[in-house]
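Okay, structure first, notes after.
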Protein chains: 2
Amino acid sequence: MTRSHIESGPTNIWRYQALLPVPVDVAAKQNMNPGWTKLVKAGNLGRTLGIKSLHIKDDSGNPTHSFKDRVVAIAVEAARNFGFHTLSCSSTGNLAGAVTAAAARAGLDACVFIPADLEQAKIAMARVFGGRLIGIEGTYDEVNRFCSELIGDPLGDKWGFVNVNLRPYYAEGSKTLAYEIAEQLGWRLPEQIVIPIASGSQLTKIDKGFKELVALGLVEDTPYKVFGAQALGCSPVSAAYKAGHDVVQPVKPDTIAKSLAIGNPADGPYVLDIARRTGGAVEDVTDAEIVAAIKLLASTEGIFAETAGGVTVGVLKKLVENGTLDPEAETVVLNTGVGLKTLDAVSSIAEPTAVIRPSLDAFRAI
Amino acid sequence: MTRSHIESGPTNIWRYQALLPVPVDVAAKQNMNPGWTKLVKAGNLGRTLGIKSLHIKDDSGNPTHSFKDRVVAIAVEAARNFGFHTLSCSSTGNLAGAVTAAAARAGLDACVFIPADLEQAKIAMARVFGGRLIGIEGTYDEVNRFCSELIGDPLGDKWGFVNVNLRPYYAEGSKTLAYEIAEQLGWRLPEQIVIPIASGSQLTKIDKGFKELVALGLVEDTPYKVFGAQALGCSPVSAAYKAGHDVVQPVKPDTIAKSLAIGNPADGPYVLDIARRTGGAVEDVTDAEIVAAIKLLASTEGIFAETAGGVTVGVLKKLVENGTLDPEAETVVLNTGVGLKTLDAVSSIAEPTAVIRPSLDAFRAI
């Protein structure tokens, strides 16, 4: 495995095929082929926040416009390998769309489960690809428990739940974020990275990805700090971090950042370990701060993030202001999805600044 | 200009910098850096329609999720060069978002004009980046006339209207679609290509791009047929093509494909020339066919297109069915935007297939 071997590969996650649990010929299969999204040099936002070198990893450019395409791409190959006929998941929205799209392309059936009160755009996006979309009356954590029951039942036989029985494969997909960031920085680890926390899996796998690159000699072994970001309305990991606890107390989510609304995050304790080991931190922001951060990112860099991106940018701002993040160190922030899926968060600007007749006089009179 | 020079460039439109009216150091400037979107091998859709080799060029992966980022990226550099302080446009929606985003990133003011009745998602997307968004009571053609008036007025001094006074630069951006398609096919022209028609500029510039690649010796001079696609509710070019006319009679648009709703398309006559010269055609589809095509593309390839993508896929289907398109020839179809911006078109599926309590019994009872 050399840099030039990777650089000559496809401009998607399969350039890292050798580092992923997928077949050698994966690039030739019916897969969504996500990844190689833009690492945007965010000079304007950096100047606004007083950060010297800032980049946004913008995963809204993926096929279904969230980072979930990465993890599902790996799970699909595992599902094929196990002979599953149906692809499934419990989802806060983005994953449902990624699974139904990938199943359509792979020729698998899809049946996905979501909390019934999700954003309309996420529901439409999950249904347009076909398959069944089942709304569950309850929180994400209840949806998740239901899926675990279903796996144990004959009803769920030959079903691949990407984030349950296929989870070990699925989770590896998040490592590609680490690989791409390092390669796009010129084969270098960032000094600081801000990552959203839902289940916590993404954060732990980015850490794993960085360590693999070091172990393979693809990047120098330089220190990096990992910062986790949560919405205050669902901040069990942040609360544990601040209290100095090793265990995470489940909460009932209440936040506009629905894609992060997992009240009982499976990888919470590992997130705490990584934040503490690397010298990072876990922080949270209010819903109002999330909305303000969405607008700040949009108006400085032209990136329209979903609420999860508002969480990471809002936490970035807070970490600089409270002195936790070093403004002189090279920093990467993740935007994991597109604002078009969470329009309610910016409903206050869902109309023109003015409506006029088509005349210069009318324009002058504004 | 050699293939390897291009291949070693950035994975965005600036790999073709030498073929575009932009500064040599454009990649270092504050620009959205769009392009290098996926060319998806559409085996499932091809099989369904009986087409042997089919690809979708999916421009929903661009920074603001439509092809408009390509043209605006060129216009921004021209605006900088002319010393304009405000970036503007008349828009059917996608362009407004692309302009306000690019202006935010480039540090320019933005003031954009749209028909007041646009989709909510396009309005929110155009406002979130800052600047002014003015709704005009009228059609796109009236918005466009208003902008021409504004340019002649002292009010519009130092304003760069990307698709009016900056149009010669702007339009060149569409050539990058031709360059990318040819390079992604392995430095080869497709035999057939289906392109949506709004003003018609995109289609004429893709033809220009293909011819440039031949002239530069970057691809072999093989024949290609260009097919234009319109919505029946705004089909002045298709009507002229079918009637054997050289001129295009303006119409008043009435279609769900609002991004293509230009009743008086400036480049209509050139589109007719190109379709006839290359042995292609211009065809149209009804709103119902557009919606069906959106669902067909989604359920076969996992791509959620906006209504304009429904138009091209719908026209592709019609052209195969009426024998105009050769199912044995290599074919590329454009998807120019994301379905998340035109959710109304799929409002019938904006709810789960079922809503249940989190229990196996409830699931069994569906």
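Chain labels follow the order of the structure tokens: the first chain is A, the next B, and so on; residue numbering restarts at 1 in every chain, and ligands are counted from 1 in their shown order.
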Return as a ChimeraX atom specification the residues belonging to chain A that are within 6 Å of chain B, counting only C-alpha atoms.
/A:61,101,104-105,123-124,128-130,133-137,146,295,298-302,349-350,352-358
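Every protein, DNA or RNA residue with an atom at most 9 Å from segment 169-172 of chain A, where only C-alpha atoms count and chain neighbours fewer than 4 positions away do not, is listed here: Leu20, Pro21, Val22, Arg70, Val71, Val72, Ala73, Ile74, Ala75, Val76, Glu77, Ala78, Val162, Asn163, Val164, Thr176, Ser201, Gln202, Lys205 and Gly209 of chain A.
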Let's see if you can do this: from backbone DSSP, list all helix (DSSP H, G or I) residues in segment 31-115 of chain B, as an NGL selection string.
:B and (43-49 or 59-61 or 68-82 or 94-106)
Prev. selection, C-alpha atoms, output as a PDB file, in the first residue's frame:
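The resulting selection-v5.pdb:
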```
ATOM      1  CA  GLY B  43     -26.924  -0.655 -15.857  1.00  0.00           C
ATOM      2  CA  ASN B  44     -30.286  -1.135 -14.107  1.00  0.00           C
ATOM      3  CA  LEU B  45     -31.998   1.759 -15.881  1.00  0.00           C
ATOM      4  CA  GLY B  46     -30.391   0.708 -19.154  1.00  0.00           C
ATOM      5  CA  ARG B  47     -31.750  -2.828 -18.796  1.00  0.00           C
ATOM      6  CA  THR B  48     -35.203  -1.508 -17.899  1.00  0.00           C
ATOM      7  CA  LEU B  49     -35.303   0.727 -20.988  1.00  0.00           C
ATOM      8  CA  ASP B  59     -24.549  17.065 -11.192  1.00  0.00           C
ATOM      9  CA  SER B  60     -26.483  16.986  -7.911  1.00  0.00           C
ATOM     10  CA  GLY B  61     -23.101  16.433  -6.243  1.00  0.00           C
ATOM     11  CA  LYS B  68     -25.257  25.994 -12.071  1.00  0.00           C
ATOM     12  CA  ASP B  69     -22.174  26.007  -9.844  1.00  0.00           C
ATOM     13  CA  ARG B  70     -20.134  25.335 -13.006  1.00  0.00           C
ATOM     14  CA  VAL B  71     -21.265  28.424 -14.894  1.00  0.00           C
ATOM     15  CA  VAL B  72     -21.233  30.691 -11.854  1.00  0.00           C
ATOM     16  CA  ALA B  73     -17.649  29.672 -11.032  1.00  0.00           C
ATOM     17  CA  ILE B  74     -16.512  31.193 -14.329  1.00  0.00           C
ATOM     18  CA  ALA B  75     -18.718  34.289 -13.974  1.00  0.00           C
ATOM     19  CA  VAL B  76     -17.307  35.012 -10.502  1.00  0.00           C
ATOM     20  CA  GLU B  77     -13.789  35.270 -11.887  1.00  0.00           C
ATOM     21  CA  ALA B  78     -15.018  37.634 -14.634  1.00  0.00           C
ATOM     22  CA  ALA B  79     -16.863  39.755 -12.037  1.00  0.00           C
ATOM     23  CA  ARG B  80     -13.659  40.053 -10.006  1.00  0.00           C
ATOM     24  CA  ASN B  81     -11.729  40.997 -13.125  1.00  0.00           C
ATOM     25  CA  PHE B  82     -14.216  43.756 -14.063  1.00  0.00           C
ATOM     26  CA  ASN B  94     -30.966  26.809  -8.884  1.00  0.00           C
ATOM     27  CA  LEU B  95     -28.959  29.724 -10.233  1.00  0.00           C
ATOM     28  CA  ALA B  96     -30.038  32.014  -7.381  1.00  0.00           C
ATOM     29  CA  GLY B  97     -28.549  29.619  -4.830  1.00  0.00           C
ATOM     30  CA  ALA B  98     -25.407  29.109  -6.855  1.00  0.00           C
ATOM     31  CA  VAL B  99     -24.887  32.877  -7.174  1.00  0.00           C
ATOM     32  CA  THR B 100     -25.518  33.781  -3.532  1.00  0.00           C
ATOM     33  CA  ALA B 101     -23.245  30.941  -2.372  1.00  0.00           C
ATOM     34  CA  ALA B 102     -20.441  31.891  -4.743  1.00  0.00           C
ATOM     35  CA  ALA B 103     -20.754  35.570  -3.816  1.00  0.00           C
ATOM     36  CA  ALA B 104     -20.543  34.709  -0.113  1.00  0.00           C
ATOM     37  CA  ARG B 105     -17.367  32.747  -0.675  1.00  0.00           C
ATOM     38  CA  ALA B 106     -15.841  35.321  -3.037  1.00  0.00           C
TER      39      ALA B 106
END
```
If we count only C-alpha atoms, what is near segment 230-241 of chain B at a cut-off of 8 Å, once residues fewer than 2 positions away on the same chain are taken out, given as a ChimeraX atom specification?
/B:196-198,228,243-255,257,260-265,268-269,271-272,281-287,290,311-312,315
Near-Gly279 of chain B list (12 Å; only C-alpha atoms; drop same-chain fewer than 5 positions) as a PyMOL selection string
chain B and resi 191-193+223-228+272-274+324-326
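In this model, the gap between atom CA of Tyr179 of chain A and atom CA of Asn335 of chain B comes to 29.0 Å.
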What's the separation between atom CA of Phe67 of chain A and atom CA of Leu203 of chain A, in Å to one decimal place?
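Computing the Euclidean distance for atom CA of Phe67 of chain A and atom CA of Leu203 of chain A yields 12.4 Å.
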